[in-house]
file structure.cif (mmCIF, C-alpha atoms)
data_final
loop_
_atom_site.label_atom_id
_atom_site.label_comp_id
_atom_site.auth_asym_id
_atom_site.auth_seq_id
_atom_site.Cartn_x
_atom_site.Cartn_y
_atom_site.Cartn_z
CA MET A 1 30.00 13.05 30.76
CA PRO A 2 33.06 14.62 32.47
CA ALA A 3 31.35 14.26 35.86
CA ASN A 4 30.74 10.55 35.27
CA PHE A 5 34.35 10.12 34.17
CA LEU A 6 35.77 11.76 37.29
CA LEU A 7 33.42 9.84 39.58
CA ILE A 8 34.43 6.46 38.14
CA VAL A 9 38.17 7.14 37.98
CA PHE A 10 38.11 8.50 41.55
CA SER A 11 36.23 5.43 42.77
CA VAL A 12 38.83 3.18 41.13
CA GLU A 13 41.62 5.06 42.88
CA LEU A 14 39.89 4.66 46.24
CA THR A 15 39.23 0.92 45.85
CA ASN A 16 42.89 0.14 45.21
CA GLY A 17 44.39 2.59 47.65
CA GLY A 18 45.54 4.89 44.83
CA LYS A 19 48.03 2.29 43.50
CA VAL A 20 46.72 1.86 39.97
CA THR A 21 49.64 2.70 37.68
CA VAL A 22 49.32 5.30 34.93
CA ARG A 23 50.05 2.65 32.32
CA ASP A 24 47.31 0.35 33.59
CA ARG A 25 44.84 3.22 33.93
CA LEU A 26 45.49 4.13 30.30
CA ALA A 27 45.12 0.46 29.33
CA ALA A 28 41.71 0.34 31.06
CA LEU A 29 40.65 3.51 29.25
CA LEU A 30 41.79 1.97 25.95
CA VAL A 31 39.44 -0.96 26.58
CA VAL A 32 36.63 1.47 27.40
CA VAL A 33 37.17 3.26 24.07
CA LEU A 34 37.33 -0.05 22.17
CA TRP A 35 34.13 -1.31 23.78
CA GLY A 36 32.36 2.04 23.41
CA GLY A 37 33.30 2.07 19.73
CA ASN A 38 31.91 -1.45 19.48
CA PHE A 39 28.38 -0.05 19.23
CA LEU A 40 29.31 2.30 16.38
CA ALA A 41 30.84 -0.69 14.58
CA MET A 42 27.60 -2.63 15.14
CA HIS A 43 25.65 0.23 13.56
CA ILE A 44 27.88 0.18 10.47
CA ALA A 45 27.92 -3.61 10.19
CA LEU A 46 24.12 -3.76 10.40
CA GLU A 47 23.90 -1.55 7.32
CA HIS A 48 25.60 -4.35 5.35
CA PHE A 49 24.58 -7.60 7.10
CA PRO A 50 21.21 -8.92 8.32
CA PRO A 51 21.18 -9.04 12.16
CA LEU A 52 21.15 -12.82 12.61
CA LEU A 53 23.77 -13.40 9.94
CA LEU A 54 26.02 -10.74 11.48
CA ALA A 55 25.82 -12.45 14.87
CA ALA A 56 26.57 -15.85 13.30
CA VAL A 57 29.59 -14.64 11.32
CA ARG A 58 30.99 -12.75 14.29
CA PHE A 59 31.14 -15.88 16.43
CA LEU A 60 32.21 -18.14 13.57
CA VAL A 61 35.33 -16.06 12.97
CA ILE A 62 36.32 -16.54 16.62
CA ALA A 63 35.17 -20.16 16.90
CA VAL A 64 37.30 -21.63 14.09
CA PRO A 65 40.75 -20.63 15.45
CA THR A 66 39.58 -21.40 18.98
CA VAL A 67 38.77 -25.02 18.13
CA LEU A 68 42.06 -25.41 16.26
CA LEU A 69 44.42 -23.63 18.66
CA VAL A 70 42.94 -23.26 22.15
CA PRO A 71 42.58 -26.19 24.58
CA ARG A 72 39.07 -26.70 25.89
CA PRO A 73 38.51 -25.34 29.41
CA ASN A 74 38.02 -27.83 32.20
CA VAL A 75 34.37 -27.04 32.94
CA ARG A 76 31.10 -28.93 32.63
CA TRP A 77 29.63 -28.84 29.14
CA ARG A 78 26.23 -27.76 30.45
CA TRP A 79 27.60 -24.45 31.75
CA LEU A 80 29.77 -23.83 28.70
CA VAL A 81 26.84 -24.47 26.37
CA GLY A 82 24.52 -22.45 28.60
CA TYR A 83 26.87 -19.47 28.60
CA GLY A 84 27.37 -19.68 24.85
CA PHE A 85 23.62 -19.91 24.29
CA PHE A 86 22.59 -16.98 26.48
CA PHE A 87 25.60 -14.72 25.84
CA GLY A 88 25.87 -15.41 22.12
CA THR A 89 22.84 -17.14 20.62
CA ALA A 90 20.32 -15.01 22.53
CA GLN A 91 21.98 -11.72 23.48
CA PHE A 92 23.36 -10.54 20.15
CA PRO A 93 20.34 -11.39 17.97
CA PHE A 94 18.15 -9.41 20.38
CA LEU A 95 20.62 -6.52 20.43
CA PHE A 96 21.24 -6.47 16.67
CA MET A 97 17.54 -6.76 15.81
CA GLY A 98 16.74 -3.99 18.29
CA MET A 99 19.33 -1.71 16.68
CA LYS A 100 18.15 -2.68 13.19
CA LEU A 101 14.57 -1.75 14.14
CA GLY A 102 15.54 1.66 15.48
CA LEU A 103 17.21 1.43 18.90
CA PRO A 104 19.71 4.33 18.79
CA THR A 105 23.35 3.27 18.90
CA GLY A 106 24.22 5.35 21.95
CA LEU A 107 21.13 4.24 23.83
CA ALA A 108 21.94 0.61 23.04
CA SER A 109 25.30 0.98 24.81
CA LEU A 110 23.42 2.26 27.86
CA VAL A 111 20.52 -0.20 27.87
CA LEU A 112 22.92 -3.14 27.76
CA GLN A 113 24.20 -2.02 31.19
CA ALA A 114 20.92 -3.42 32.54
CA ALA A 115 22.72 -6.78 32.50
CA ALA A 116 24.35 -5.83 35.80
CA PRO A 117 21.18 -5.30 37.89
CA PHE A 118 19.53 -8.25 36.10
CA THR A 119 22.47 -10.44 37.14
CA VAL A 120 22.16 -9.31 40.75
CA LEU A 121 18.42 -10.03 40.81
CA LEU A 122 18.71 -13.40 39.07
CA GLY A 123 21.54 -14.38 41.40
CA ALA A 124 19.32 -13.62 44.39
CA VAL A 125 16.32 -15.50 43.00
CA LEU A 126 17.98 -18.52 41.35
CA LEU A 127 21.25 -18.92 43.25
CA ARG A 128 20.00 -17.74 46.65
CA GLU A 129 22.71 -15.08 46.83
CA ARG A 130 22.30 -12.55 49.61
CA LEU A 131 22.13 -8.91 48.57
CA ALA A 132 23.87 -6.15 50.48
CA ARG A 133 21.91 -2.96 51.10
CA ARG A 134 24.07 -1.02 48.64
CA GLN A 135 23.37 -3.61 45.93
CA VAL A 136 19.62 -3.32 46.45
CA THR A 137 19.90 0.46 46.28
CA GLY A 138 21.98 0.24 43.10
CA VAL A 139 19.50 -2.13 41.45
CA LEU A 140 16.57 0.12 42.32
CA LEU A 141 18.35 3.16 40.89
CA ALA A 142 19.24 1.33 37.67
CA VAL A 143 15.71 -0.05 37.24
CA GLY A 144 14.26 3.39 37.90
CA GLY A 145 16.51 4.92 35.23
CA LEU A 146 15.51 2.24 32.72
CA ALA A 147 11.84 2.79 33.49
CA ALA A 148 12.24 6.53 32.88
CA ILE A 149 13.87 5.86 29.49
CA ALA A 150 11.12 3.39 28.58
CA VAL A 151 8.39 5.91 29.37
CA ALA A 152 10.17 8.70 27.48
CA ARG A 153 10.85 6.50 24.43
CA SER A 154 7.30 5.12 24.30
CA ALA A 155 5.98 8.64 23.80
CA VAL A 156 8.04 9.28 20.65
CA ALA A 157 9.01 5.89 19.18
CA PRO A 158 7.90 2.23 19.09
CA ALA A 159 8.73 0.33 22.25
CA LEU A 160 9.82 -2.90 20.51
CA PRO A 161 13.47 -1.89 19.86
CA LEU A 162 13.94 -0.94 23.52
CA VAL A 163 12.29 -4.19 24.65
CA LEU A 164 14.69 -6.15 22.43
CA GLY A 165 17.61 -4.26 23.96
CA LEU A 166 16.42 -5.17 27.46
CA LEU A 167 16.00 -8.81 26.40
CA ALA A 168 19.62 -8.72 25.22
CA ALA A 169 20.67 -7.47 28.67
CA LEU A 170 18.57 -10.15 30.35
CA SER A 171 20.16 -12.84 28.15
CA TRP A 172 23.61 -11.61 29.14
CA ALA A 173 22.57 -11.83 32.80
CA PHE A 174 21.47 -15.48 32.40
CA GLY A 175 24.81 -16.13 30.72
CA ASN A 176 26.56 -14.62 33.74
CA LEU A 177 24.81 -17.13 35.99
CA CYS A 178 26.06 -20.00 33.82
CA SER A 179 29.55 -18.51 34.06
CA ARG A 180 29.31 -18.40 37.84
CA ARG A 181 28.23 -22.02 38.01
CA ALA A 182 31.04 -23.03 35.66
CA ASP A 183 33.58 -21.20 37.87
CA PRO A 184 36.33 -21.61 35.22
CA ALA A 185 39.94 -21.71 36.36
CA GLU A 186 40.94 -20.14 33.02
CA PRO A 187 38.21 -17.64 32.09
CA MET A 188 39.92 -16.52 28.86
CA ARG A 189 39.66 -20.06 27.46
CA PHE A 190 36.09 -20.23 28.71
CA MET A 191 35.22 -16.98 26.93
CA LEU A 192 36.79 -18.16 23.67
CA TRP A 193 35.22 -21.61 23.74
CA MET A 194 31.73 -20.30 24.35
CA SER A 195 32.00 -18.80 20.83
CA VAL A 196 31.81 -22.36 19.48
CA VAL A 197 28.16 -22.64 20.59
CA PRO A 198 26.36 -19.80 18.70
CA PRO A 199 27.36 -20.18 15.00
CA VAL A 200 25.28 -23.24 14.03
CA PRO A 201 21.97 -22.17 15.64
CA LEU A 202 22.47 -18.57 14.46
CA PHE A 203 23.13 -19.64 10.86
CA ALA A 204 20.02 -21.86 11.05
CA LEU A 205 17.94 -18.94 12.39
CA SER A 206 19.30 -16.62 9.71
CA LEU A 207 18.45 -19.16 7.02
CA ALA A 208 14.90 -19.56 8.35
CA VAL A 209 14.14 -15.91 9.13
CA GLU A 210 16.28 -13.84 6.76
CA GLY A 211 16.38 -16.36 3.93
CA PRO A 212 19.17 -17.73 1.76
CA GLY A 213 18.81 -14.88 -0.70
CA ALA A 214 19.56 -12.17 1.87
CA MET A 215 22.40 -14.24 3.32
CA GLY A 216 24.01 -14.83 -0.06
CA GLU A 217 23.63 -11.22 -1.14
CA ALA A 218 25.20 -9.90 2.09
CA LEU A 219 28.15 -12.31 1.93
CA ALA A 220 28.74 -11.66 -1.78
CA SER A 221 28.58 -7.86 -1.41
CA ALA A 222 30.96 -7.94 1.58
CA VAL A 223 33.94 -8.49 -0.74
CA THR A 224 32.98 -5.66 -3.12
CA PRO A 225 34.09 -2.02 -2.70
CA GLY A 226 30.61 -1.14 -1.41
CA GLY A 227 30.86 -3.77 1.31
CA TRP A 228 34.27 -2.89 2.68
CA ALA A 229 32.81 -0.69 5.41
CA GLY A 230 30.69 -3.56 6.70
CA LEU A 231 33.62 -5.97 6.49
CA ALA A 232 35.84 -3.50 8.37
CA ALA A 233 33.15 -3.10 11.04
CA LEU A 234 32.94 -6.88 11.39
CA GLY A 235 36.73 -7.01 11.75
CA TYR A 236 36.51 -4.39 14.49
CA LEU A 237 33.89 -6.43 16.37
CA VAL A 238 36.10 -9.51 16.28
CA LEU A 239 39.66 -8.18 16.56
CA CYS A 240 39.39 -4.87 18.44
CA ALA A 241 36.37 -5.30 20.69
CA THR A 242 36.79 -9.02 21.40
CA VAL A 243 40.40 -10.17 20.99
CA LEU A 244 42.30 -6.97 21.85
CA GLY A 245 39.76 -5.54 24.30
CA LEU A 246 39.20 -8.77 26.17
CA GLY A 247 42.91 -9.58 26.14
CA VAL A 248 43.92 -6.27 27.74
CA TRP A 249 41.03 -6.50 30.19
CA THR A 250 42.08 -10.00 31.25
CA ALA A 251 45.67 -8.82 31.72
CA LEU A 252 44.47 -6.03 34.03
CA LEU A 253 42.52 -8.56 36.06
CA THR A 254 45.73 -10.46 36.75
CA ARG A 255 47.14 -7.37 38.47
CA TYR A 256 44.16 -5.95 40.37
CA PRO A 257 41.04 -7.22 42.17
CA ALA A 258 37.89 -7.38 40.06
CA GLY A 259 36.23 -4.61 42.06
CA THR A 260 39.12 -2.28 41.20
CA VAL A 261 38.89 -2.82 37.45
CA ALA A 262 35.15 -3.36 36.95
CA PRO A 263 34.02 0.27 37.58
CA TYR A 264 35.77 1.36 34.40
CA CYS A 265 33.03 -0.48 32.48
CA MET A 266 30.68 2.30 33.55
CA LEU A 267 32.48 4.56 31.08
CA VAL A 268 31.49 2.38 28.10
CA PRO A 269 28.01 3.95 27.61
CA VAL A 270 29.57 7.40 28.05
CA VAL A 271 31.92 6.65 25.14
CA GLY A 272 29.18 4.88 23.18
CA MET A 273 26.74 7.77 23.46
CA GLY A 274 29.47 10.31 22.79
CA LEU A 275 30.61 8.58 19.59
CA ALA A 276 27.00 8.17 18.44
CA ALA A 277 26.42 11.89 18.93
CA LEU A 278 29.68 12.85 17.20
CA VAL A 279 29.55 10.47 14.22
CA LEU A 280 25.86 9.70 13.77
CA GLY A 281 24.39 12.95 15.05
CA GLU A 282 22.26 11.23 17.72
CA ARG A 283 20.93 13.64 20.32
CA PRO A 284 19.50 11.95 23.42
CA SER A 285 16.77 13.80 25.27
CA TRP A 286 17.43 15.33 28.67
CA VAL A 287 15.35 12.56 30.24
CA GLU A 288 17.62 9.93 28.68
CA LEU A 289 20.74 11.80 29.82
CA VAL A 290 19.54 12.11 33.41
CA ALA A 291 18.25 8.55 33.46
CA GLY A 292 21.53 7.36 31.95
CA ALA A 293 23.49 9.01 34.76
CA VAL A 294 21.17 7.33 37.28
CA ILE A 295 21.68 3.92 35.62
CA VAL A 296 25.47 4.30 35.57
CA GLY A 297 25.44 5.39 39.21
CA GLY A 298 23.18 2.50 40.18
CA VAL A 299 25.35 -0.08 38.44
CA LEU A 300 28.46 1.44 40.01
CA LEU A 301 26.84 1.35 43.45
CA GLY A 302 25.82 -2.26 42.95
CA THR A 303 29.36 -3.36 41.97
CA PRO A 304 30.68 -5.69 44.67
CA ARG A 305 33.34 -4.19 46.91
CA PRO A 306 36.83 -5.45 46.10
CA PRO A 307 38.41 -7.96 48.47
CA ARG A 308 41.43 -7.00 50.51
CA PRO A 309 44.60 -7.14 48.41
CA ARG A 310 46.49 -10.40 48.70
CA ALA A 311 50.20 -10.93 48.51
CA ARG A 312 51.51 -11.28 44.97
CA THR A 313 53.49 -14.31 46.03
CA GLU A 314 50.34 -16.22 46.87
CA GLU A 315 49.96 -19.09 44.41
CA GLY A 316 47.10 -18.75 41.96
CA ALA A 317 46.27 -15.09 42.77
CA ALA A 318 45.95 -14.12 39.11
CA GLU A 319 43.65 -17.02 38.28
CA ARG A 320 41.37 -16.23 41.21
CA ALA A 321 41.19 -12.56 40.18
CA ILE A 322 40.06 -13.48 36.68
CA ALA A 323 37.59 -16.02 38.02
CA GLU A 324 36.18 -13.36 40.32
CA VAL A 325 35.41 -10.94 37.48
CA THR A 326 33.72 -13.71 35.53
CA ARG A 327 31.36 -14.19 38.44
CA ALA A 328 30.99 -10.43 39.09
CA THR A 329 30.05 -9.51 35.52
#
call {"tool": "encode", "arguments": {"input": "structure.cif", "output": "structure tokens"}}
result
Amino acid sequence: MPANFLLIVFSVELTNGGKVTVRDRLAALLVVVLWGGNFLAMHIALEHFPPLLLAAVRFLVIAVPTVLLVPRPNVRWRWLVGYGFFFGTAQFPFLFMGMKLGLPTGLASLVLQAAAPFTVLLGAVLLRERLARRQVTGVLLAVGGLAAIAVARSAVAPALPLVLGLLAALSWAFGNLCSRRADPAEPMRFMLWMSVVPPVPLFALSLAVEGPGAMGEALASAVTPGGWAGLAALGYLVLCATVLGLGVWTALLTRYPAGTVAPYCMLVPVVGMGLAALVLGERPSWVELVAGAVIVGGVLLGTPRPPRPRARTEEGAAERAIAEVTRAT
């Protein structure tokens, strides 16, 4: 883990000419910790809520204030709905069900990184985007690492949880394509408004699959002393991982090119796996550790190079930087 940390921080320094301030570097690391802890919060929340209901409530809590307080982004509805469907309605049910069925928390934080190579491949196939040699190399490394984990896991545990985790990553990748086509001028609004899409279909799925009895029991027990841990975990998912984490991340993207900030995301599975080992006692095999390092390296290699810095006085520089990360992720 220390080697991965030094590699990523050093790469960030190089991409911005060593001009990342200490304050902003610490802010980026705060986001990494918040997002790495997100998976531990998911584990706790899933002990109190059924997977589909948890996904529905998570987005509902964000959707209500968004509709009341945030102006709708000026994008086509098809791309907003598409992003909300793939990112929210598809990704999180797959991820939560995978974790509920046995996908280890730390491994889930790593497997979700497959969204990056999936996005690159889907962009090449569906959007006719040209791939640089380093991107192809990065994708091959990431896919090879995932294949190694799949083979190792299949020998000791059912493959279904891992498959669901990969489907979650693939759903995120399709959502990224919708985000690229939307090309929002204000990505923060776009991210908030996509949360309006998932609640209704997720509540309907929860009602059909998990049943009204399980839904009612989970919601009723959430306000009892035994349910406080699950309610606190849900609050973390909404406030810390989404509102605070995304807010700080967006602020960083107004100051630096996307390619300068994005590599810090590679630390998220390092934090996720570390917290899972420390709190939950998870011990990944040596194959998973080596393959994880290969995946992180492959995703880092496939991250687009940052554009040349532009003058701060140039009108609209901040908006273009945020729009760039929306397309890059």
call {"tool": "residues_around", "arguments": {"input": "structure.cif", "residues": "Val70 (chain A)", "least_positions_apart": "4", "cutoff": "9 Å", "atoms": "only C-alpha atoms", "output": "compact mmCIF listing (two decimals) with C-alpha atoms, in the coordinates of the input"}}
result
# COMPACT_ATOMS: atom_id res chain seq x y z
CA PRO A 65 40.75 -20.63 15.45
CA THR A 66 39.58 -21.40 18.98
CA ARG A 189 39.66 -20.06 27.46
CA LEU A 192 36.79 -18.16 23.67
CA TRP A 193 35.22 -21.61 23.74
call {"tool": "resolve_selection", "arguments": {"input": "structure.cif", "expression": "the PyMOL selection byres ((chain A and resi 269) around 10)", "output": "list in words"}}
result
Met1, Val32, Val33, Trp35, Gly36, Gly37, Phe39, Thr105, Gly106, Leu107, Ala108, Ser109, Leu110, Val111, Leu112, Gln113, Cys265, Met266, Leu267, Val268, Val270, Val271, Gly272, Met273, Gly274, Leu275, Gly292, Ala293 and Val296 of chain A
call {"tool": "closest_residue", "arguments": {"input": "structure.cif", "among": "A:Ala124, A:Ala276, A:Met99, A:Met194", "to": "Ala168 (chain A)", "atoms": "only C-alpha atoms"}}
result
A:Met99
call {"tool": "residues_around", "arguments": {"input": "structure.cif", "residues": "region 172-186 of chain A", "least_positions_apart": "2", "cutoff": "6 Å", "atoms": "all atoms listed in the file", "output": "PDB file with C-alpha atoms, in the coordinates of the input"}}
result
ATOM      1  CA  VAL A  75      34.370 -27.040  32.940  1.00  0.00           C
ATOM      2  CA  TRP A  79      27.600 -24.450  31.750  1.00  0.00           C
ATOM      3  CA  GLY A  82      24.520 -22.450  28.600  1.00  0.00           C
ATOM      4  CA  TYR A  83      26.870 -19.470  28.600  1.00  0.00           C
ATOM      5  CA  PHE A  86      22.590 -16.980  26.480  1.00  0.00           C
ATOM      6  CA  PHE A  87      25.600 -14.720  25.840  1.00  0.00           C
ATOM      7  CA  GLN A  91      21.980 -11.720  23.480  1.00  0.00           C
ATOM      8  CA  ALA A 115      22.720  -6.780  32.500  1.00  0.00           C
ATOM      9  CA  PHE A 118      19.530  -8.250  36.100  1.00  0.00           C
ATOM     10  CA  THR A 119      22.470 -10.440  37.140  1.00  0.00           C
ATOM     11  CA  ALA A 169      20.670  -7.470  28.670  1.00  0.00           C
ATOM     12  CA  LEU A 170      18.570 -10.150  30.350  1.00  0.00           C
ATOM     13  CA  MET A 188      39.920 -16.520  28.860  1.00  0.00           C
ATOM     14  CA  ARG A 189      39.660 -20.060  27.460  1.00  0.00           C
ATOM     15  CA  ARG A 327      31.360 -14.190  38.440  1.00  0.00           C
TER      16      ARG A 327
END
call {"tool": "resolve_selection", "arguments": {"input": "structure.cif", "expression": "the PyMOL selection byres ((chain A and resi 152-154) around 12)", "output": "compact mmCIF listing (two decimals) with C-alpha atoms, keeping the file's coordinate frame"}}
result
# COMPACT_ATOMS: atom_id res chain seq x y z
CA GLY A 102 15.54 1.66 15.48
CA LEU A 103 17.21 1.43 18.90
CA PRO A 104 19.71 4.33 18.79
CA LEU A 107 21.13 4.24 23.83
CA GLY A 145 16.51 4.92 35.23
CA LEU A 146 15.51 2.24 32.72
CA ALA A 147 11.84 2.79 33.49
CA ALA A 148 12.24 6.53 32.88
CA ILE A 149 13.87 5.86 29.49
CA ALA A 150 11.12 3.39 28.58
CA VAL A 151 8.39 5.91 29.37
CA ALA A 155 5.98 8.64 23.80
CA VAL A 156 8.04 9.28 20.65
CA ALA A 157 9.01 5.89 19.18
CA PRO A 158 7.90 2.23 19.09
CA ALA A 159 8.73 0.33 22.25
CA LEU A 160 9.82 -2.90 20.51
CA PRO A 161 13.47 -1.89 19.86
CA LEU A 162 13.94 -0.94 23.52
CA VAL A 163 12.29 -4.19 24.65
CA PRO A 284 19.50 11.95 23.42
CA SER A 285 16.77 13.80 25.27
CA TRP A 286 17.43 15.33 28.67
CA VAL A 287 15.35 12.56 30.24
CA GLU A 288 17.62 9.93 28.68
CA LEU A 289 20.74 11.80 29.82
CA VAL A 290 19.54 12.11 33.41
CA ALA A 291 18.25 8.55 33.46
